$ cat work.cif   # mmCIF, C-alpha atoms and all ligand atoms
data_data
#
loop_
_atom_site.label_atom_id
_atom_site.label_comp_id
_atom_site.auth_asym_id
_atom_site.auth_seq_id
_atom_site.Cartn_x
_atom_site.Cartn_y
_atom_site.Cartn_z
CA MET C 1343 -6.80 2.53 19.93
CA PRO C 1344 -7.92 4.15 23.18
CA LYS C 1345 -10.05 7.23 22.78
CA ASN C 1346 -8.95 10.74 23.65
CA GLU C 1347 -5.32 10.01 23.14
CA LYS C 1348 -3.37 11.97 20.64
CA GLY C 1349 -1.01 9.60 19.11
CA ILE C 1350 1.16 8.27 16.42
CA CYS C 1351 0.24 4.74 15.56
CA ILE C 1352 2.86 2.29 14.37
CA VAL C 1353 1.47 -0.76 12.64
CA SER C 1354 3.78 -3.68 12.15
CA GLY C 1355 2.55 -7.04 10.99
CA PHE C 1356 -0.52 -7.85 13.10
CA ASP C 1357 0.48 -5.67 16.01
CA TYR C 1358 0.37 -2.02 16.66
CA LEU C 1359 1.53 0.53 19.12
CA ILE C 1360 0.42 4.03 19.94
CA ILE C 1361 3.19 6.42 20.82
CA PRO C 1362 1.58 9.39 22.53
CA SER C 1363 2.59 12.60 20.80
CA ASN C 1364 2.83 14.41 24.12
CA GLY C 1365 3.48 13.32 27.68
CA GLN C 1366 4.95 9.88 27.96
CA MET C 1367 7.70 9.29 25.46
CA HIS C 1368 8.59 5.65 26.03
CA SER C 1369 6.42 2.67 25.16
CA PRO C 1370 7.39 -0.87 26.06
CA ASP C 1371 7.50 -3.69 23.53
CA PRO C 1372 9.43 -6.29 25.54
CA ASP C 1373 8.54 -9.19 23.22
CA GLU C 1374 9.59 -7.18 20.18
CA LEU C 1375 6.30 -7.94 18.47
CA LEU C 1376 6.61 -4.81 16.42
CA SER C 1377 9.95 -5.43 14.88
CA SER C 1378 9.18 -6.10 11.27
CA PRO C 1379 10.65 -5.14 7.93
CA SER C 1380 7.30 -3.77 6.74
CA MET C 1381 5.99 -1.07 8.97
CA SER C 1382 3.40 1.69 8.64
CA VAL C 1383 2.89 4.82 10.68
CA PHE C 1384 -0.44 6.61 10.99
CA ALA C 1385 -0.91 10.06 12.42
CA VAL C 1386 -4.26 11.73 12.96
CA ALA C 1387 -4.15 15.43 12.25
CA VAL C 1388 -6.49 18.37 11.69
CA CYS C 1389 -6.04 20.75 8.80
CA SER C 1390 -4.79 24.04 10.20
CA GLU C 1391 -7.22 26.00 7.98
CA CYS C 1392 -10.56 24.18 8.15
CA LYS C 1393 -9.96 21.87 11.16
CA SER C 1394 -11.13 18.73 9.32
CA HIS C 1395 -9.68 15.44 10.48
CA TYR C 1396 -7.28 13.45 8.34
CA LEU C 1397 -5.49 10.17 8.68
CA LEU C 1398 -1.96 10.68 7.39
CA VAL C 1399 -0.05 7.59 6.35
CA ASP C 1400 3.46 6.43 5.62
CA ASP C 1401 3.19 2.77 4.73
CA ASP C 1402 6.81 2.17 3.93
CA VAL C 1403 8.72 3.33 6.98
CA GLN C 1404 12.47 3.23 6.60
CA GLU C 1405 15.25 2.63 9.05
CA VAL C 1406 17.72 5.53 9.17
CA GLU C 1407 21.33 5.87 10.14
CA VAL C 1408 21.91 8.43 12.89
CA ASP C 1409 25.57 7.98 13.65
CA GLU C 1410 26.10 10.61 16.29
CA ARG C 1411 23.22 9.37 18.45
CA GLN C 1412 23.49 5.69 17.73
CA MET C 1413 24.37 3.59 20.76
CA GLY C 1414 24.49 -0.17 21.05
CA ASN C 1415 21.84 -1.69 18.87
CA GLU C 1416 19.40 1.18 18.94
CA VAL C 1417 17.51 1.32 15.63
CA TYR C 1418 16.19 4.59 14.27
CA TYR C 1419 13.24 5.14 11.99
CA ALA C 1420 11.90 8.13 10.16
CA ALA C 1421 8.27 8.24 9.03
CA ASP C 1422 6.90 10.81 6.65
CA CYS C 1423 3.08 10.73 6.83
CA TRP C 1424 1.14 12.50 4.13
CA GLY C 1425 -2.41 13.55 3.43
CA ARG C 1426 -4.17 16.30 1.55
CA CYS C 1427 -7.00 18.65 2.40
CA GLU C 1428 -8.79 19.04 -0.92
CA SER C 1429 -11.03 21.87 0.24
CA CYS C 1430 -8.08 24.02 1.38
CA LYS C 1431 -5.72 22.73 -1.32
CA LEU C 1432 -3.11 21.96 1.33
CA ASP C 1433 -0.67 19.08 1.59
CA LEU C 1434 -0.63 17.88 5.17
CA ASN C 1435 2.50 16.33 6.57
CA VAL C 1436 3.65 14.86 9.89
CA LYS C 1437 7.25 13.76 10.20
CA VAL C 1438 8.04 11.38 13.04
CA ASP C 1439 11.46 10.24 14.29
CA PHE C 1440 11.42 7.29 16.63
CA SER C 1441 13.64 4.45 17.69
CA THR C 1442 13.68 1.07 19.37
CA TYR C 1443 16.12 0.15 22.04
CA ALA C 1444 16.08 -2.58 24.69
CA GLY C 1445 12.43 -3.50 24.16
CA GLU C 1446 11.22 0.09 24.16
CA TRP C 1447 9.93 2.38 21.47
CA VAL C 1448 10.89 5.97 21.90
CA LEU C 1449 9.40 8.99 20.23
CA ILE C 1450 12.29 11.30 19.49
CA ASP C 1451 10.65 14.13 17.66
CA HIS C 1452 7.71 15.04 15.47
CA ASP C 1453 6.98 17.97 13.31
CA SER C 1454 3.81 18.89 11.43
CA ASP C 1455 3.20 21.04 8.43
CA ASN C 1456 -0.17 22.65 7.60
CA CYS C 1457 -1.80 20.60 10.33
CA GLU C 1458 -1.80 19.72 14.01
CA MET C 1459 -1.85 16.32 15.67
CA ALA C 1460 -5.30 15.39 16.91
CA GLU C 1461 -7.39 12.81 18.69
CA LEU C 1462 -8.73 9.96 16.70
CA PRO C 1463 -12.18 10.79 15.33
CA GLN C 1464 -14.93 8.18 15.19
CA GLY C 1465 -14.83 6.00 12.15
CA LEU C 1466 -11.14 6.13 11.46
CA GLU C 1467 -10.71 3.67 14.30
CA THR C 1468 -12.35 1.00 12.17
CA LEU C 1469 -9.92 1.66 9.34
CA ILE C 1470 -6.86 1.38 11.56
CA GLU C 1471 -8.22 -1.88 12.97
CA GLU C 1472 -8.52 -3.21 9.42
CA VAL C 1473 -5.14 -1.95 8.34
CA ARG C 1474 -3.42 -3.79 11.14
CA LYS C 1475 -5.17 -7.03 10.17
CA ILE C 1476 -3.79 -6.82 6.66
CA ARG C 1477 -1.46 -9.57 5.81
CA VAL C 1478 1.60 -7.77 4.57
CA PRO C 1479 3.13 -9.68 1.70
CA ALA C 1480 6.37 -11.32 2.69
CA GLU C 1481 9.02 -8.74 1.88
CA VAL C 1482 8.93 -8.92 -1.85
CA GLU C 1483 11.91 -10.59 -3.35
CA GLU C 1484 14.05 -8.85 -5.86
CA ILE C 1485 13.21 -9.90 -9.36
CA GLU C 1486 16.88 -10.57 -9.98
CA ASP C 1487 16.99 -13.10 -7.12
CA TRP C 1488 13.67 -14.68 -8.00
CA ALA C 1489 14.67 -15.22 -11.64
CA GLU C 1490 17.84 -17.05 -10.62
CA SER C 1491 15.86 -19.85 -8.99
CA PRO C 1492 12.25 -19.24 -9.98
CA GLU C 1493 9.61 -20.99 -7.89
CA GLY C 1494 6.06 -20.95 -9.21
CA CYS C 1495 5.29 -18.04 -11.51
CA ALA C 1496 5.71 -14.28 -11.45
CA VAL C 1497 3.04 -11.68 -12.08
CA PHE C 1498 4.65 -8.31 -12.77
CA VAL C 1499 2.59 -5.25 -11.85
CA GLU C 1500 3.03 -1.50 -12.20
CA GLY C 1501 3.35 -0.39 -8.58
CA LYS C 1502 2.55 -1.01 -4.94
CA ASP C 1503 -1.12 -0.03 -5.31
CA ASP C 1504 -1.51 -2.60 -8.07
CA GLN C 1505 0.44 -5.16 -6.09
CA LEU C 1506 -1.73 -5.00 -2.97
CA VAL C 1507 -5.06 -4.70 -4.78
CA ILE C 1508 -4.32 -7.49 -7.28
CA MET C 1509 -3.10 -9.75 -4.46
CA GLU C 1510 -6.30 -9.06 -2.53
CA PHE C 1511 -8.53 -10.00 -5.49
CA LEU C 1512 -6.46 -13.11 -6.29
CA ARG C 1513 -6.57 -14.16 -2.64
CA ARG C 1514 -10.37 -13.80 -2.63
CA ILE C 1515 -10.72 -15.84 -5.81
CA ALA C 1516 -8.36 -18.60 -4.68
CA LYS C 1517 -9.43 -18.43 -1.02
CA ALA C 1518 -5.73 -18.78 -0.22
CA GLU C 1519 -2.58 -16.70 -0.16
CA PRO C 1520 -1.37 -16.28 -3.76
CA THR C 1521 2.19 -17.08 -2.64
CA SER C 1522 1.03 -20.41 -1.19
CA LEU C 1523 -0.13 -21.25 -4.73
CA GLY C 1524 3.22 -20.27 -6.19
CA ILE C 1525 1.94 -16.94 -7.53
CA ASN C 1526 4.47 -14.17 -6.84
CA VAL C 1527 3.10 -10.70 -7.49
CA LEU C 1528 6.19 -8.54 -8.09
CA ARG C 1529 6.77 -4.90 -8.83
CA GLY C 1530 9.07 -4.01 -11.68
CA ILE C 1531 12.80 -3.51 -11.32
CA ASP C 1532 13.75 -0.07 -9.99
CA GLY C 1533 10.36 1.40 -9.30
CA GLY C 1534 7.07 1.33 -11.08
CA GLY C 1535 5.29 2.19 -14.27
CA LYS C 1536 4.57 0.23 -17.40
CA GLU C 1537 7.99 0.69 -19.01
CA TRP C 1538 9.76 -0.70 -15.95
CA VAL C 1539 7.39 -3.64 -15.75
CA VAL C 1540 8.06 -4.59 -19.35
CA ARG C 1541 11.80 -4.08 -18.84
CA SER C 1542 11.64 -6.45 -15.86
CA ALA C 1543 9.93 -9.06 -17.98
CA ALA C 1544 12.57 -8.65 -20.68
CA PHE C 1545 15.18 -9.15 -17.99
CA VAL C 1546 13.52 -12.45 -17.02
CA ASP C 1547 13.48 -13.45 -20.69
CA ASN C 1548 17.23 -12.94 -20.87
CA VAL C 1549 17.76 -15.00 -17.73
CA MET C 1550 15.64 -17.72 -19.36
CA LYS C 1551 17.91 -17.75 -22.39
CA ARG C 1552 21.00 -17.79 -20.23
CA VAL C 1553 19.95 -20.64 -17.93
CA GLY C 1554 18.08 -22.49 -20.67
CA LYS C 1555 15.06 -22.94 -18.47
CA GLU C 1556 11.40 -22.00 -18.91
CA ILE C 1557 10.26 -19.31 -16.45
CA ARG C 1558 6.53 -18.66 -16.12
CA TYR C 1559 5.52 -15.04 -15.91
CA LEU C 1560 2.84 -12.57 -16.88
CA VAL C 1561 2.85 -8.77 -17.10
CA VAL C 1562 -0.32 -6.99 -15.96
CA LEU C 1563 -1.02 -3.51 -17.32
CA ASP C 1564 -3.94 -1.11 -16.83
CA GLY C 1565 -6.27 -0.28 -19.70
CA ASP C 1566 -4.65 3.13 -20.18
CA ALA C 1567 -1.48 1.32 -21.32
CA LEU C 1568 -3.25 -0.13 -24.37
CA SER C 1569 -1.46 1.98 -26.97
CA TYR C 1570 1.85 1.39 -25.18
CA ALA C 1571 1.19 -2.38 -25.09
CA LYS C 1572 0.88 -2.39 -28.89
CA THR C 1573 4.43 -1.08 -29.20
CA VAL C 1574 5.96 -3.79 -27.00
CA GLN C 1575 8.02 -6.25 -29.03
CA GLY C 1576 9.78 -9.53 -28.48
CA PRO C 1577 8.77 -12.48 -26.29
CA VAL C 1578 7.35 -10.16 -23.61
CA SER C 1579 4.58 -9.06 -25.98
CA LYS C 1580 3.04 -12.53 -25.71
CA ARG C 1581 2.95 -12.36 -21.93
CA LEU C 1582 0.92 -9.18 -21.52
CA PHE C 1583 -2.41 -9.15 -19.72
CA LEU C 1584 -4.37 -5.93 -20.08
CA LEU C 1585 -7.02 -5.10 -17.51
CA PRO C 1586 -9.76 -3.55 -19.67
CA LYS C 1587 -10.58 -0.68 -17.31
CA LYS C 1588 -8.57 2.53 -17.50
CA GLU C 1589 -6.80 2.26 -14.15
CA LEU C 1590 -6.74 -0.24 -11.32
CA GLU C 1591 -8.65 2.26 -9.17
CA SER C 1592 -11.54 2.04 -11.66
CA TYR C 1593 -12.37 -1.29 -10.01
CA LEU C 1594 -12.61 0.34 -6.60
CA LEU C 1595 -15.17 3.05 -7.39
CA ASP C 1596 -17.76 1.25 -5.30
CA ALA C 1597 -19.51 3.58 -2.86
CA LYS C 1598 -20.74 0.72 -0.71
CA ALA C 1599 -17.29 -0.86 -0.38
CA ILE C 1600 -15.62 2.47 0.38
CA ALA C 1601 -18.31 3.36 2.94
CA GLN C 1602 -17.80 0.05 4.72
CA ALA C 1603 -14.02 0.28 4.70
CA LEU C 1604 -14.00 3.82 6.08
CA ALA C 1605 -17.09 3.54 8.30
CA SER C 1606 -18.74 6.30 6.31
CA GLU C 1607 -22.17 6.72 4.68
CA GLU C 1608 -22.74 5.28 1.23
CA ALA C 1609 -24.71 8.31 -0.01
CA LYS C 1610 -21.94 10.67 1.10
CA VAL C 1611 -19.29 8.54 -0.64
CA GLN C 1612 -21.38 8.34 -3.83
CA LYS C 1613 -21.67 12.13 -3.91
CA LEU C 1614 -17.88 12.48 -3.62
CA LEU C 1615 -17.32 9.90 -6.37
CA ASN C 1616 -19.46 12.04 -8.65
CA VAL C 1617 -17.31 15.15 -8.16
CA LYS C 1618 -14.22 14.18 -10.14
CA LYS C 1619 -14.98 12.54 -13.45
CA GLY C 1620 -12.39 10.37 -15.12
CA GLY C 1621 -13.41 7.10 -13.56
CA GLY C 1622 -10.06 6.07 -12.16
CA LYS C 1623 -7.31 7.01 -9.77
CA GLU C 1624 -8.19 10.70 -9.61
CA THR C 1625 -11.85 9.99 -8.86
CA LEU C 1626 -11.07 7.52 -6.08
CA GLU C 1627 -8.28 9.53 -4.49
CA PHE C 1628 -10.33 12.71 -4.40
CA ALA C 1629 -13.15 10.87 -2.60
CA LEU C 1630 -10.80 9.24 -0.09
CA GLN C 1631 -9.00 12.48 0.64
CA SER C 1632 -12.32 14.27 1.12
CA LEU C 1633 -13.23 11.57 3.65
CA GLY C 1634 -10.03 12.29 5.54
CA VAL C 1635 -8.00 9.30 4.50
CA HIS C 1636 -4.76 9.31 2.59
CA PRO C 1637 -5.16 7.02 -0.44
CA SER C 1638 -2.33 4.64 0.40
CA PRO C 1639 -1.91 1.22 -1.22
CA GLN C 1640 -3.14 -0.43 2.00
CA VAL C 1641 -6.30 1.65 2.09
CA LYS C 1642 -7.00 0.62 -1.51
CA GLN C 1643 -6.43 -2.99 -0.54
CA ILE C 1644 -9.03 -2.73 2.22
CA ILE C 1645 -11.55 -1.29 -0.23
CA ALA C 1646 -10.83 -4.22 -2.57
CA ARG C 1647 -11.65 -6.50 0.34
CA HIS C 1648 -15.06 -4.84 0.72
CA VAL C 1649 -16.08 -4.92 -2.96
CA VAL C 1650 -18.98 -7.38 -2.81
CA SER C 1651 -17.95 -9.61 -5.69
CA VAL C 1652 -14.52 -9.78 -7.23
CA PRO C 1653 -14.67 -8.17 -10.69
CA ARG C 1654 -14.76 -10.70 -13.56
CA ASP C 1655 -11.58 -9.24 -15.06
CA PHE C 1656 -9.59 -10.62 -12.12
CA GLU C 1657 -11.09 -14.07 -12.57
CA ARG C 1658 -9.86 -13.87 -16.15
CA LEU C 1659 -6.46 -12.80 -14.84
CA MET C 1660 -6.40 -15.81 -12.51
CA GLU C 1661 -7.23 -18.10 -15.46
CA ALA C 1662 -4.42 -16.49 -17.47
CA ILE C 1663 -1.97 -17.02 -14.60
CA ARG C 1664 -2.97 -20.65 -14.32
CA THR C 1665 -2.37 -21.28 -18.00
CA ILE C 1666 0.95 -19.48 -18.56
ZN ZN H 1701 -8.58 22.18 5.23
#

$ encode --input "work.cif" --output "structure tokens"
Amino acid sequence: MPKNEKGICIVSGFDYLIIPSNGQMHSPDPDELLSSPSMSVFAVAVCSECKSHYLLVDDDVQEVEVDERQMGNEVYYAADCWGRCESCKLDLNVKVDFSTYAGEWVLIDHDSDNCEMAELPQGLETLIEEVRKIRVPAEVEEIEDWAESPEGCAVFVEGKDDQLVIMEFLRRIAKAEPTSLGINVLRGIDGGGKEWVVRSAAFVDNVMKRVGKEIRYLVVLDGDALSYAKTVQGPVSKRLFLLPKKELESYLLDAKAIAQALASEEAKVQKLLNVKKGGGKETLEFALQSLGVHPSPQVKQIIARHVVSVPRDFERLMEAIRTI
């Protein structure tokens, strides 16, 4: 990302594009490198109260229908980038409307709330570089489709954070893409959460009965689901794998890894990790937000990449996957 350029950064696959937020409105992409079903938008903004820098993220940008403006095969997108200034207790938001048409990306409009667009501060550059190198999982199949002709095995997880972090740890253990080993890490049907994950597994069980075929799957739950896990009945109850720690984020409370991922100082990160007790999601997200980064699933994945050694619990998970 060039310095001194206010911009909205679109990351798509391994490529990225900066759309300047003022001045030039059109940006060429003649080879259509950026057209991808999984796209993220980053916007750098300063809090309107304290002027601290934040990286606001929308990592699931959606195509939108804009009938009255639509011409030819112009495709419209709407990004809603969020962040939070913990010291001012403000939710920061930048909304961006943009489109692609004839090999050009066009910024249509942007609107910010509680913040103003800013230049990229030092440090955050490193993070954006890493984000764009992330291998985005092939657009995750629907469980319904997968169960109809199951290849390999399925690992059901509670949400996108879990999906990206678990995939990162499994990839590091196997030194290969989990999908290339037939391991499909899937989110539950219709959203996230432990109930949905278990419902998805029950759905697969029913398909199994219907097609009379064995389907290999495992359901991964965080430690805080322990009492819930005890209430789960039926065949699914034998396919549960509980990560002992409270929340997935508990495995990412590593000051050194966070400091490396965000190009920050370890001592500063450690101090922030000590502010919010709880030892999980809240602790991690407070620290990340205080460092100016929205705690998106991708950011958590990058931290997982920097944790020096993969936690033992994930090696146990890999063993469990291999033996289901
Ligand atoms: Zn502020």

$ closest_atom_pairs --input "work.cif" --of "chain C" --to "ligand ZN 1701 (chain H)" --cutoff "6 Å" --atoms "all atoms listed in the file" --output "tab-separated table"
residue	atom	partner	partner_atom	distance
C:Cys1389	CA	H:ZN1701	ZN	4.6
C:Glu1391	CA	H:ZN1701	ZN	4.9
C:Cys1392	CA	H:ZN1701	ZN	4.1
C:Ser1394	CA	H:ZN1701	ZN	5.9
C:Cys1427	CA	H:ZN1701	ZN	4.8
C:Ser1429	CA	H:ZN1701	ZN	5.6
C:Cys1430	CA	H:ZN1701	ZN	4.3

$ write_last_selection --input "work.cif" --atoms "C-alpha atoms" --output "PDB file, in the coordinates of the input"
ATOM      1  CA  CYS C1389      -6.040  20.750   8.800  1.00  0.00           C
ATOM      2  CA  GLU C1391      -7.220  26.000   7.980  1.00  0.00           C
ATOM      3  CA  CYS C1392     -10.560  24.180   8.150  1.00  0.00           C
ATOM      4  CA  SER C1394     -11.130  18.730   9.320  1.00  0.00           C
ATOM      5  CA  CYS C1427      -7.000  18.650   2.400  1.00  0.00           C
ATOM      6  CA  SER C1429     -11.030  21.870   0.240  1.00  0.00           C
ATOM      7  CA  CYS C1430      -8.080  24.020   1.380  1.00  0.00           C
TER       8      CYS C1430
END

$ closest_residue --input "work.cif" --among "C:Ala1662, C:Leu1614, C:Ile1485, C:Ile1644" --to "Val1562 of chain C" --atoms "all atoms listed in the file"
C:Ala1662

$ closest_residue --input "work.cif" --among "C:Lys1437, C:Ala1385, C:Ser1592, C:Val1546" --to "Gly1634 of chain C" --atoms "only C-alpha atoms"
C:Ala1385

$ residues_around --input "work.cif" --residues "Val1406 of chain C" --least-positions-apart "3" --cutoff "10 Å" --atoms "all atoms listed in the file" --output "list of chain:residue names"
C:Val1403, C:Asp1409, C:Val1417, C:Tyr1418, C:Tyr1419, C:Ala1420, C:Ala1421, C:Asp1439, C:Phe1440, C:Ser1441

$ write_last_selection --input "work.cif" --atoms "C-alpha atoms" --output "short mmCIF file (atom, residue, chain, number, x, y, z; two decimals), in the frame of the given file"
data_model
loop_
_atom_site.label_atom_id
_atom_site.label_comp_id
_atom_site.auth_asym_id
_atom_site.auth_seq_id
_atom_site.Cartn_x
_atom_site.Cartn_y
_atom_site.Cartn_z
CA VAL C 1403 8.72 3.33 6.98
CA ASP C 1409 25.57 7.98 13.65
CA VAL C 1417 17.51 1.32 15.63
CA TYR C 1418 16.19 4.59 14.27
CA TYR C 1419 13.24 5.14 11.99
CA ALA C 1420 11.90 8.13 10.16
CA ALA C 1421 8.27 8.24 9.03
CA ASP C 1439 11.46 10.24 14.29
CA PHE C 1440 11.42 7.29 16.63
CA SER C 1441 13.64 4.45 17.69
#

$ closest_residue --input "work.cif" --among "C:Ile1361, C:Ile1663, C:Val1553, C:Met1509" --to "Thr1521 of chain C" --atoms "only C-alpha atoms"
C:Met1509

$ atom_distance --input "work.cif" --atom1 "atom CA of Leu1568 of chain C" --atom2 "atom CA of Ala1489 of chain C"
26.7 Å

$ axis_aligned_box --input "work.cif" --around "segment 1534-1552 of chain C" --padding-each-side "3 Å" --output "AutoDock Vina command-line options"
--center_x 12.8 --center_y -7.8 --center_z -16.7 --size_x 22.4 --size_y 26.0 --size_z 17.3

$ residues_around --input "work.cif" --residues "Lys1393 of chain C" --least-positions-apart "5" --cutoff "9 Å" --atoms "only C-alpha atoms" --output "list in words"
Ala1387, Val1388, Cys1457 and Glu1458 of chain C

$ closest_residue --input "work.cif" --among "C:Ile1350, C:Leu1604, C:Ala1646, C:Leu1595" --to "Glu1624 of chain C" --atoms "all atoms listed in the file"
C:Leu1595

$ atom_distance --input "work.cif" --atom1 "atom CA of Arg1658 of chain C" --atom2 "atom CA of Leu1560 of chain C"
12.8 Å

$ residues_around --input "work.cif" --residues "Ser1651 of chain C" --least-positions-apart "2" --cutoff "12 Å" --atoms "all atoms listed in the file" --output "NGL selection string"
:C and (1511 or 1514-1515 or 1593-1594 or 1596 or 1598-1599 or 1645-1649 or 1653-1657)

$ closest_residue --input "work.cif" --among "C:Met1381, C:Leu1626, C:Val1497, C:Leu1376" --to "Trp1447 of chain C" --atoms "all atoms listed in the file"
C:Leu1376

$ atom_distance --input "work.cif" --atom1 "atom CA of Asn1526 of chain C" --atom2 "atom CA of Gly1494 of chain C"
7.4 Å

$ residues_around --input "work.cif" --residues "Ala1496 of chain C" --least-positions-apart "6" --cutoff "8 Å" --atoms "only C-alpha atoms" --output "NGL selection string"
:C and (1525-1528 or 1558-1560)
